[in-house]
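Heads up, input-v7.cif below (mmCIF, C-alpha atoms):
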```cif
data_start
#
loop_
_atom_site.label_atom_id
_atom_site.label_comp_id
_atom_site.auth_asym_id
_atom_site.auth_seq_id
_atom_site.Cartn_x
_atom_site.Cartn_y
_atom_site.Cartn_z
CA MET A 1 0.00 0.00 0.00
CA ALA A 2 1.33 3.41 -0.93
CA VAL A 3 2.33 5.73 1.88
CA PHE A 4 0.04 8.78 1.85
CA ASP A 5 0.60 12.04 3.66
CA LEU A 6 -2.93 11.90 5.01
CA ALA A 7 -2.76 15.13 6.99
CA ASN A 8 -2.43 17.13 3.75
CA LEU A 9 -5.13 15.34 1.78
CA PRO A 10 -8.58 16.93 1.33
CA ASP A 11 -11.51 15.26 3.10
CA ALA A 12 -12.81 13.71 -0.14
CA ASP A 13 -9.52 11.82 -0.72
CA VAL A 14 -9.34 10.64 2.89
CA VAL A 15 -12.89 9.31 2.61
CA ALA A 16 -12.02 7.54 -0.67
CA LEU A 17 -9.15 5.79 1.13
CA ALA A 18 -11.42 4.89 4.04
CA GLN A 19 -13.86 3.38 1.55
CA GLN A 20 -11.00 1.13 0.41
CA GLY A 21 -10.70 -0.08 4.01
CA ARG A 22 -7.48 1.84 4.83
CA GLU A 23 -7.23 2.02 8.59
CA PRO A 24 -5.03 5.18 8.72
CA ALA A 25 -7.74 7.05 6.76
CA PHE A 26 -10.31 6.16 9.47
CA ARG A 27 -7.91 7.45 12.14
CA GLU A 28 -7.38 10.66 10.15
CA ILE A 29 -11.14 11.31 9.97
CA ILE A 30 -11.38 10.87 13.74
CA ARG A 31 -8.34 13.13 14.30
CA ARG A 32 -9.87 15.89 12.15
CA TYR A 33 -13.36 15.85 13.62
CA GLU A 34 -13.17 14.51 17.19
CA ARG A 35 -12.90 17.99 18.74
CA PRO A 36 -15.59 19.78 16.67
CA LEU A 37 -18.04 16.89 17.09
CA PHE A 38 -17.32 16.33 20.76
CA SER A 39 -17.64 20.08 21.46
CA LEU A 40 -21.02 20.27 19.73
CA ILE A 41 -22.39 17.19 21.50
CA TYR A 42 -20.89 18.14 24.90
CA ARG A 43 -22.52 21.58 24.73
CA MET A 44 -25.80 19.94 23.72
CA VAL A 45 -25.93 17.34 26.54
CA ARG A 46 -23.64 19.05 29.13
CA ASP A 47 -22.27 15.80 30.53
CA ARG A 48 -18.71 14.77 29.61
CA GLU A 49 -19.17 11.01 29.90
CA THR A 50 -22.43 11.00 27.92
CA ALA A 51 -20.93 13.33 25.31
CA GLU A 52 -18.00 10.93 24.80
CA GLU A 53 -20.39 7.99 24.38
CA LEU A 54 -22.54 9.92 21.91
CA ALA A 55 -19.51 11.19 19.97
CA GLN A 56 -18.28 7.58 19.81
CA ASP A 57 -21.71 6.45 18.52
CA THR A 58 -21.57 9.21 15.91
CA PHE A 59 -18.18 8.10 14.59
CA LEU A 60 -19.21 4.45 14.59
CA LYS A 61 -22.40 5.23 12.65
CA ALA A 62 -20.38 7.20 10.11
CA LEU A 63 -17.27 5.02 9.80
CA ASN A 64 -19.07 1.67 9.78
CA HIS A 65 -21.23 2.96 6.92
CA ILE A 66 -18.58 4.95 5.09
CA ASP A 67 -19.65 3.23 1.84
CA ARG A 68 -22.98 5.10 2.11
CA TYR A 69 -21.27 8.51 2.17
CA ARG A 70 -22.21 10.64 -0.85
CA ALA A 71 -19.44 12.84 -2.21
CA ASP A 72 -21.86 15.71 -3.00
CA PHE A 73 -22.25 16.27 0.77
CA LYS A 74 -19.35 17.77 2.78
CA LEU A 75 -17.84 15.20 5.16
CA SER A 76 -18.02 17.68 8.05
CA SER A 77 -21.71 18.37 7.33
CA TRP A 78 -22.43 14.63 7.20
CA LEU A 79 -20.71 14.07 10.55
CA PHE A 80 -22.41 17.07 12.17
CA LYS A 81 -25.78 15.85 10.87
CA ILE A 82 -25.29 12.43 12.49
CA GLY A 83 -23.86 13.99 15.69
CA ASN A 84 -26.72 16.45 16.02
CA ASN A 85 -29.33 13.72 15.49
CA VAL A 86 -27.65 11.50 18.08
CA ALA A 87 -27.57 14.36 20.62
CA ILE A 88 -31.18 15.44 19.96
CA ASP A 89 -32.37 11.80 20.28
CA HIS A 90 -30.54 11.49 23.59
CA LEU A 91 -32.05 14.73 24.92
CA ARG A 92 -35.52 13.55 23.88
CA LYS A 93 -35.08 10.22 25.69
CA ARG A 94 -33.61 11.95 28.73
CA ARG A 95 -36.58 14.35 28.88
CA LEU A 96 -38.99 11.40 28.85
CA ALA A 97 -36.97 9.65 31.57
CA THR A 98 -36.81 12.84 33.64
CA VAL A 99 -40.58 13.31 33.53
CA SER A 100 -41.05 9.86 35.00
CA VAL A 101 -38.77 10.43 38.01
CA SER A 102 -38.89 14.18 38.53
CA GLY A 103 -42.41 14.47 39.79
CA ALA A 104 -45.93 13.23 39.35
CA PRO A 105 -47.19 14.11 35.86
CA HIS A 106 -50.33 15.69 37.32
CA ALA A 107 -48.36 17.99 39.66
CA ALA A 108 -49.57 21.50 38.83
CA THR A 109 -47.28 23.71 40.88
CA GLU A 110 -43.53 23.70 41.42
CA ALA A 111 -44.07 22.75 45.09
CA GLU A 112 -46.06 19.66 44.03
CA VAL A 113 -43.38 18.66 41.54
CA GLU A 114 -40.75 19.00 44.27
CA ALA A 115 -42.85 17.06 46.75
CA THR A 116 -43.28 14.13 44.37
CA SER A 117 -39.72 14.05 43.09
CA PHE A 118 -37.15 11.43 43.90
CA GLU A 119 -33.97 12.66 45.47
CA ILE A 120 -31.17 11.17 43.41
CA ALA A 121 -28.32 10.25 45.81
CA SER A 122 -26.33 13.42 46.37
CA HIS A 123 -22.61 12.99 46.04
CA ALA A 124 -19.46 14.99 46.54
CA PRO A 125 -18.30 16.61 43.29
CA SER A 126 -15.98 14.23 41.44
CA ALA A 127 -12.95 15.25 39.36
CA LEU A 128 -15.16 14.90 36.27
CA ASP A 129 -17.79 17.24 37.77
CA GLN A 130 -15.09 19.77 38.53
CA LEU A 131 -13.76 19.52 34.97
CA GLU A 132 -17.28 19.99 33.63
CA SER A 133 -17.93 23.04 35.75
CA ARG A 134 -14.58 24.51 34.63
CA GLU A 135 -15.37 23.83 30.97
CA LEU A 136 -19.04 24.75 30.92
CA GLY A 137 -19.31 27.04 33.95
CA SER A 138 -18.97 30.43 32.24
CA ALA A 139 -22.00 32.74 31.90
CA ILE A 140 -22.15 32.25 28.12
CA GLU A 141 -22.03 28.44 28.45
CA LYS A 142 -24.86 28.52 31.01
CA ALA A 143 -26.87 30.81 28.75
CA ILE A 144 -26.35 28.40 25.82
CA ALA A 145 -27.52 25.53 28.05
CA ALA A 146 -30.81 27.36 28.67
CA LEU A 147 -31.59 27.57 24.93
CA ARG A 148 -33.91 25.12 23.18
CA PRO A 149 -31.82 22.27 21.67
CA GLU A 150 -32.71 23.35 18.09
CA TYR A 151 -31.51 26.90 18.79
CA ARG A 152 -28.42 25.51 20.50
CA SER A 153 -27.26 23.40 17.58
CA CYS A 154 -27.88 26.26 15.12
CA ILE A 155 -26.04 28.89 17.14
CA LEU A 156 -23.09 26.55 17.87
CA MET A 157 -22.77 25.57 14.21
CA ARG A 158 -22.92 29.23 13.19
CA HIS A 159 -20.55 30.83 15.69
CA VAL A 160 -18.32 28.07 17.05
CA GLU A 161 -17.93 26.10 13.81
CA GLY A 162 -18.30 29.15 11.53
CA ARG A 163 -20.77 27.46 9.15
CA SER A 164 -22.88 29.48 6.72
CA TYR A 165 -26.66 29.63 7.07
CA GLU A 166 -27.03 27.50 3.91
CA GLU A 167 -24.69 24.83 5.25
CA ILE A 168 -26.55 24.72 8.58
CA ALA A 169 -29.86 24.37 6.74
CA THR A 170 -28.49 21.44 4.69
CA THR A 171 -26.82 19.80 7.68
CA LEU A 172 -29.82 20.03 10.00
CA ASP A 173 -32.46 19.45 7.30
CA LEU A 174 -34.17 22.75 8.06
CA PRO A 175 -35.48 25.46 5.72
CA LEU A 176 -33.07 28.40 5.40
CA GLY A 177 -35.64 30.81 6.88
CA THR A 178 -36.05 28.60 9.96
CA VAL A 179 -32.29 28.54 10.52
CA LYS A 180 -32.16 32.35 10.32
CA THR A 181 -35.07 32.64 12.77
CA TYR A 182 -33.52 30.15 15.21
CA ILE A 183 -30.17 31.94 15.16
CA HIS A 184 -31.81 35.32 15.59
CA ARG A 185 -33.91 34.10 18.55
CA ALA A 186 -30.93 32.34 20.10
CA ARG A 187 -28.87 35.54 19.95
CA LEU A 188 -31.76 37.47 21.46
CA GLU A 189 -32.14 35.00 24.34
CA LEU A 190 -28.40 34.96 24.94
CA ARG A 191 -28.31 38.75 24.96
CA ARG A 192 -31.12 38.83 27.51
CA ALA A 193 -29.41 36.20 29.66
CA LEU A 194 -26.08 38.01 29.59
CA THR A 195 -27.33 41.58 30.07
CA PRO A 196 -27.60 42.73 33.71
CA GLU A 197 -31.16 43.42 35.02
CA PRO A 198 -31.34 47.27 34.78
CA GLU A 199 -29.80 47.28 31.29
CA ARG A 200 -32.07 44.41 30.27
CA GLY A 201 -35.10 46.67 30.85
CA ARG A 202 -33.55 49.29 28.64
CA ALA A 203 -32.63 46.74 25.96
CA ALA A 204 -36.16 45.26 26.05
CA ARG A 205 -37.66 48.74 25.66
CA ALA A 206 -35.33 49.42 22.75
CA ASP A 207 -36.41 46.12 21.14
CA ASP A 208 -40.06 47.03 21.62
CA GLU A 209 -39.49 50.42 20.01
CA VAL A 210 -37.68 48.79 17.12
CA ASP A 211 -40.54 46.30 16.72
CA ARG A 212 -43.10 49.14 16.74
CA SER A 213 -41.20 51.26 14.19
CA MET B 1 -30.66 60.89 8.91
CA ASN B 2 -32.96 57.95 8.26
CA HIS B 3 -35.39 57.95 11.25
CA ARG B 4 -36.51 54.34 10.91
CA HIS B 5 -34.62 52.24 13.43
CA LEU B 6 -32.89 49.07 12.29
CA LEU B 7 -34.99 45.93 12.28
CA PRO B 8 -33.65 42.83 14.09
CA ASP B 9 -32.96 41.21 10.70
CA GLU B 10 -30.93 44.21 9.62
CA ILE B 11 -28.85 44.10 12.80
CA ASP B 12 -28.25 40.39 12.03
CA GLN B 13 -27.09 41.29 8.53
CA LEU B 14 -24.56 43.74 9.95
CA LEU B 15 -23.41 41.21 12.56
CA ASP B 16 -22.93 38.57 9.87
CA GLY B 17 -20.69 41.00 7.98
CA GLU B 18 -22.84 40.89 4.87
CA ALA B 19 -21.81 43.19 2.02
CA GLY B 20 -23.76 44.75 -0.81
CA PHE B 21 -25.84 47.79 -1.81
CA GLY B 22 -28.46 47.18 0.87
CA VAL B 23 -25.97 47.20 3.75
CA ALA B 24 -24.40 50.64 3.18
CA PRO B 25 -27.52 52.61 4.33
CA LEU B 26 -27.79 50.35 7.40
CA GLN B 27 -24.18 51.11 8.32
CA ALA B 28 -24.81 54.83 7.77
CA HIS B 29 -27.84 54.68 10.08
CA LEU B 30 -25.81 52.81 12.71
CA ARG B 31 -23.18 55.57 12.72
CA GLU B 32 -25.83 58.21 13.41
CA CYS B 33 -28.30 56.46 15.74
CA ASP B 34 -27.20 55.90 19.36
CA GLN B 35 -30.10 53.56 20.12
CA CYS B 36 -29.42 51.20 17.21
CA ARG B 37 -25.68 51.36 17.89
CA ALA B 38 -26.31 50.30 21.50
CA ALA B 39 -28.50 47.38 20.35
CA PHE B 40 -25.89 46.37 17.77
CA GLU B 41 -23.09 46.56 20.37
CA GLU B 42 -25.01 44.30 22.78
CA GLU B 43 -25.47 41.71 20.03
CA ARG B 44 -21.86 42.06 18.93
CA VAL B 45 -20.68 41.28 22.46
CA VAL B 46 -22.76 38.06 22.43
CA VAL B 47 -21.46 37.02 19.01
CA GLU B 48 -17.88 37.73 20.07
CA ALA B 49 -18.32 35.66 23.23
CA LEU B 50 -19.69 32.80 21.13
CA GLU B 51 -16.86 33.01 18.63
CA HIS B 52 -14.28 32.83 21.41
CA LEU B 53 -15.69 29.61 22.83
CA PRO B 54 -12.97 26.95 22.69
CA ARG B 55 -13.33 23.58 21.00
CA LEU B 56 -13.33 21.05 23.82
CA ALA B 57 -11.34 17.84 23.54
CA PRO B 58 -12.54 14.34 24.46
CA SER B 59 -10.29 12.09 26.55
CA THR B 60 -6.93 11.12 25.06
CA ASP B 61 -7.88 7.49 24.31
CA PHE B 62 -11.05 8.51 22.43
CA ALA B 63 -9.71 7.64 18.95
CA SER B 64 -8.46 4.23 20.11
CA ARG B 65 -11.83 3.41 21.68
CA VAL B 66 -13.62 4.30 18.45
CA MET B 67 -11.13 2.36 16.29
CA ALA B 68 -11.55 -0.72 18.50
CA GLN B 69 -15.18 -0.87 17.36
CA VAL B 70 -14.80 0.17 13.72
CA GLN B 71 -15.44 -2.73 11.35
CA LEU B 72 -12.74 -2.43 8.74
CA TYR B 73 -14.08 -3.67 5.46
CA GLU B 74 -11.63 -3.98 2.61
CA PRO B 75 -13.27 -4.51 -0.83
CA TRP B 76 -11.99 -7.73 -2.46
CA HIS B 77 -10.47 -5.92 -5.46
CA VAL B 78 -8.43 -3.70 -3.10
CA ALA B 79 -7.23 -6.74 -1.12
CA ALA B 80 -6.33 -8.56 -4.35
CA ARG B 81 -4.52 -5.48 -5.72
CA ASP B 82 -2.61 -5.07 -2.43
CA SER B 83 -1.56 -8.73 -2.56
CA VAL B 84 -0.31 -8.38 -6.17
CA VAL B 85 1.50 -5.10 -5.37
CA GLY B 86 2.98 -6.81 -2.29
CA LEU B 87 4.33 -9.58 -4.52
CA ILE B 88 5.71 -7.23 -7.20
CA ARG B 89 7.19 -4.54 -4.94
CA PRO B 90 10.12 -6.65 -3.63
CA LEU B 91 11.06 -7.41 -7.26
CA ALA B 92 11.17 -3.73 -8.26
CA PRO B 93 14.74 -2.33 -8.43
CA ARG B 94 15.68 -0.11 -5.50
CA SER B 95 18.29 2.20 -6.98
CA GLN B 96 17.23 5.18 -9.08
CA PRO B 97 19.52 4.43 -12.13
CA VAL B 98 18.28 0.83 -12.40
CA ARG B 99 14.67 2.02 -12.17
CA LEU B 100 15.44 4.49 -14.95
CA LEU B 101 16.92 1.70 -17.08
CA VAL B 102 13.88 -0.54 -16.51
CA GLY B 103 11.62 2.38 -17.38
CA VAL B 104 13.53 3.07 -20.62
CA ALA B 105 13.37 -0.65 -21.51
CA ALA B 106 9.60 -0.71 -20.91
CA LEU B 107 9.14 2.40 -23.07
CA SER B 108 11.27 0.88 -25.87
CA LEU B 109 9.20 -2.27 -25.76
CA ALA B 110 6.00 -0.23 -25.96
CA ALA B 111 7.41 1.72 -28.94
CA LEU B 112 8.40 -1.56 -30.65
CA VAL B 113 4.93 -3.01 -30.14
CA SER B 114 3.38 0.19 -31.56
CA VAL B 115 5.61 0.09 -34.65
CA ALA B 116 4.82 -3.60 -35.15
CA THR B 117 1.09 -2.87 -34.86
CA VAL B 118 1.33 -0.10 -37.47
CA TRP B 119 3.29 -2.45 -39.80
CA LEU B 120 0.69 -5.21 -39.36
CA VAL B 121 -2.16 -2.80 -40.15
CA GLY B 122 -0.22 -1.64 -43.25
CA HIS B 123 0.03 -5.28 -44.43
CA ALA B 124 -3.58 -6.18 -43.67
CA ASP B 125 -3.90 -9.11 -46.16
CA ALA B 126 -0.82 -10.91 -44.80
CA THR B 127 -1.90 -10.07 -41.24
CA LEU B 128 -5.39 -11.50 -41.78
CA PHE B 129 -3.93 -14.68 -43.30
CA PHE B 130 -1.56 -15.18 -40.36
CA ALA B 131 -4.26 -14.19 -37.87
CA GLY B 132 -6.53 -16.92 -39.37
CA LEU B 133 -3.70 -19.41 -39.10
CA VAL B 134 -2.97 -18.42 -35.50
CA ARG B 135 -6.70 -18.52 -34.65
CA THR B 136 -7.12 -22.06 -36.00
CA THR B 137 -4.01 -23.25 -34.15
CA LEU B 138 -5.11 -21.44 -30.99
CA VAL B 139 -8.66 -22.85 -31.07
CA ARG B 140 -7.29 -26.37 -31.65
CA GLY B 141 -4.74 -25.91 -28.84
CA LEU B 142 -7.34 -24.43 -26.46
CA ALA B 143 -9.81 -27.20 -27.24
CA THR B 144 -7.16 -29.88 -26.58
CA THR B 145 -5.90 -28.19 -23.37
CA GLY B 146 -9.48 -27.40 -22.27
CA ALA B 147 -10.56 -30.99 -22.86
CA ALA B 148 -7.58 -32.21 -20.82
CA ALA B 149 -8.41 -29.72 -18.01
CA VAL B 150 -12.13 -30.62 -18.01
CA GLN B 151 -11.26 -34.31 -18.02
CA ALA B 152 -8.77 -33.85 -15.18
CA LEU B 153 -11.21 -31.84 -13.05
CA LEU B 154 -14.59 -33.41 -13.92
CA GLY B 155 -13.70 -36.79 -15.36
CA ARG B 156 -13.99 -38.56 -18.74
CA SER B 157 -17.81 -38.49 -18.71
CA ALA B 158 -17.76 -34.64 -18.84
CA THR B 159 -15.64 -34.59 -22.04
CA GLN B 160 -17.85 -37.30 -23.56
CA ALA B 161 -20.92 -35.19 -22.71
CA LEU B 162 -19.38 -32.25 -24.59
CA GLY B 163 -19.08 -34.56 -27.59
CA GLY B 164 -15.79 -33.17 -28.94
CA ASN B 165 -17.42 -29.80 -29.70
CA ALA B 166 -14.46 -27.33 -29.66
CA THR B 167 -16.60 -24.27 -28.73
CA ALA B 168 -18.35 -26.11 -25.88
CA ILE B 169 -15.00 -27.38 -24.55
CA ILE B 170 -13.48 -23.87 -24.65
CA VAL B 171 -16.55 -22.32 -22.94
CA ALA B 172 -16.51 -25.05 -20.26
CA SER B 173 -12.78 -24.66 -19.61
CA ILE B 174 -13.01 -20.83 -19.48
CA SER B 175 -15.94 -21.12 -17.02
CA LEU B 176 -13.87 -23.48 -14.90
CA TYR B 177 -10.96 -21.02 -15.09
CA ILE B 178 -13.21 -18.15 -13.91
CA VAL B 179 -14.50 -20.23 -11.00
CA VAL B 180 -10.95 -21.13 -9.96
CA PHE B 181 -9.85 -17.46 -10.35
CA LEU B 182 -12.76 -16.17 -8.22
CA ALA B 183 -12.07 -18.78 -5.54
CA ALA B 184 -8.40 -17.68 -5.46
CA ALA B 185 -9.41 -13.97 -5.24
CA PHE B 186 -11.77 -14.67 -2.31
CA ALA B 187 -9.09 -16.72 -0.59
CA LEU B 188 -6.59 -13.85 -1.05
CA ARG B 189 -9.09 -11.38 0.39
CA ALA B 190 -9.85 -13.59 3.36
CA ALA B 191 -6.12 -14.00 3.98
CA ALA B 192 -5.53 -10.22 3.77
CA VAL B 193 -8.44 -9.44 6.14
CA SER B 194 -7.35 -12.01 8.72
CA ARG B 195 -3.74 -10.74 8.54
CA ARG B 196 -4.99 -7.16 9.12
CA ARG B 197 -7.15 -8.29 12.05
CA ARG B 198 -4.16 -10.07 13.61
CA ALA B 199 -2.07 -6.90 13.14
#
```
Any chance you could put this one into structure tokens?
Amino acid sequence: MAVFDLANLPDADVVALAQQGREPAFREIIRRYERPLFSLIYRMVRDRETAEELAQDTFLKALNHIDRYRADFKLSSWLFKIGNNVAIDHLRKRRLATVSVSGAPHAATEAEVEATSFEIASHAPSALDQLESRELGSAIEKAIAALRPEYRSCILMRHVEGRSYEEIATTLDLPLGTVKTYIHRARLELRRALTPEPERGRAARADDEVDRS
Amino acid sequence: MNHRHLLPDEIDQLLDGEAGFGVAPLQAHLRECDQCRAAFEEERVVVEALEHLPRLAPSTDFASRVMAQVQLYEPWHVAARDSVVGLIRPLAPRSQPVRLLVGVAALSLAALVSVATVWLVGHADATLFFAGLVRTTLVRGLATTGAAAVQALLGRSATQALGGNATAIIVASISLYIVVFLAAAFALRAAAVSRRRRA
């Protein structure tokens, strides 16, 4: 087998080698995309261990079906599409699981929810918890966590990964207008979350005036 | 000054650094309107904070854990080609001058074959006569060899069943050859895959 300088090859050539079963090409794909994919998934699920499992699932789904990859799609977009779907599926399942243990479904007030909730064994913060709070503890990270998952993936793809609106629309299977709306609303919510209270009033008034004009 | 304040979409356009005729008036308005500039600045701070977010790394053994579960599938033609290249590569000369010599020899041979082809085309009648002669000899030879191969592999009854028909014998022997070739290719692939797994 010829020796290729994989690091300098474009994605399309690396994928072609992977489709021939070349192990170094698989490793190169992981090397190129482990950080971007892990970052996206970690910020979606906010749990390091789960994010690693989901990122691993994403790579396995992609690499074990590399023969299904279509060259007219960017490799990064294909990986982000799988990663985003995996993360959204996990969040959906987790929400269902949380409803069943976090309080009786008929609880109407917050006090009722609290009264019917299970107390999951409290534990001293582990090294992993400390790492998580260091990595995701900043105000902006907390504000991102409060966004709806759809807004979160759009805003992360736009500003952390630097993808164009068109690319995000293709990757996430959303109409272009929806992507623009999601990103606009996400920025608005982040701005509100990051602006101190007195200024927030002023900003909200300014928004209202802009909306009226 | 344009007294209409910027719409949220227009602030987004400026934040996204869009260019074009439509953006110049928005930028002009932004320079003159304190309220819109304040709104733009607040959004710009958010965008800047987002763009400075680091890419987070998974644990150091992440790639190895993924690779341990990746099913490496090598198409049979790639495995066969690798095996052939593996056989030929040790025979290829190592030094540059010898490689050059071999290359020149190969090119000379190709040139000779081309000249011979042109000559044969130029003497079509003689070529056709000799081609007919070669064809007859070849068919007879193939039929004899094929019959021997069919008899060796399938027994005397198979050759009797073909009834001495030269075309049938050639077709049967070529089919047998293809079957044997495919079996060898699959065996090569299986050997290459198991060697890779062991590695």
Nearby residues (all atoms listed in the file) at most 12 Å from Ser64 of chain B, same-chain spacing under 2 positions excluded, as a list in words: Glu23, Pro24, Phe26, Arg27, Glu28, Ile30, Arg31, Glu34, Gln56 and Phe59 of chain A; Pro58, Ser59, Thr60, Asp61, Phe62, Val66, Met67, Ala68, Gln69 and Val70 of chain B
Contacts of segment 156-164 of chain A at 6 Å (all atoms listed in the file; same-chain gap of 3+ positions) as JSON, numbers by chain: {"A": [153, 167], "B": [50, 51]}
Matched chain/residue IDs from the PyMOL selection byres ((chain B) within 10 of (chain A)), as a count of residues only: 57
Exercise: Ala149 of chain B partners within 12 Å, only C-alpha atoms, chain neighbours under 3 positions left out, as a list in words: Leu142, Ala143, Thr144, Thr145, Gly146, Ala152, Leu153, Leu154, Gly155, Arg156, Ala158, Thr159, Ile169, Ile170, Ala172, Ser173, Ile174, Ser175, Leu176 and Tyr177 of chain B
Atom pair atom CA of Leu26 of chain B / atom CA of Phe40 of chain B: separation (Å):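 These atoms are spaced 11.3 Å apart.
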Counting all atoms listed in the file, the residue of A:Leu96, A:Leu147, A:Leu6, A:Ile82 that sits nearest Asp173 of chain A: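 With all atoms listed in the file as the atom set, the closest residue is A:Ile82.
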Residue members of the PyMOL selection byres ((chain A and resi 84) around 10) in the file shown, as JSON, numbers by chain: {"A": [37, 40, 41, 44, 54, 55, 58, 78, 79, 80, 81, 82, 83, 85, 86, 87, 88, 89, 90, 149, 150, 153, 154, 171, 172]}
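Proximity to Arg94 of chain A was assessed for A:Val45, A:Ala12, A:Leu174, A:Ala143 counting all atoms listed in the file; the smallest distance is recorded for A:Val45.
One distance worth recording is that between atom CA of Pro25 of chain B and atom CA of Gln13 of chain B, which is 12.1 Å.
Here atom CA of Gly132 of chain B and atom CA of Leu109 of chain B stand 25.4 Å from one another.
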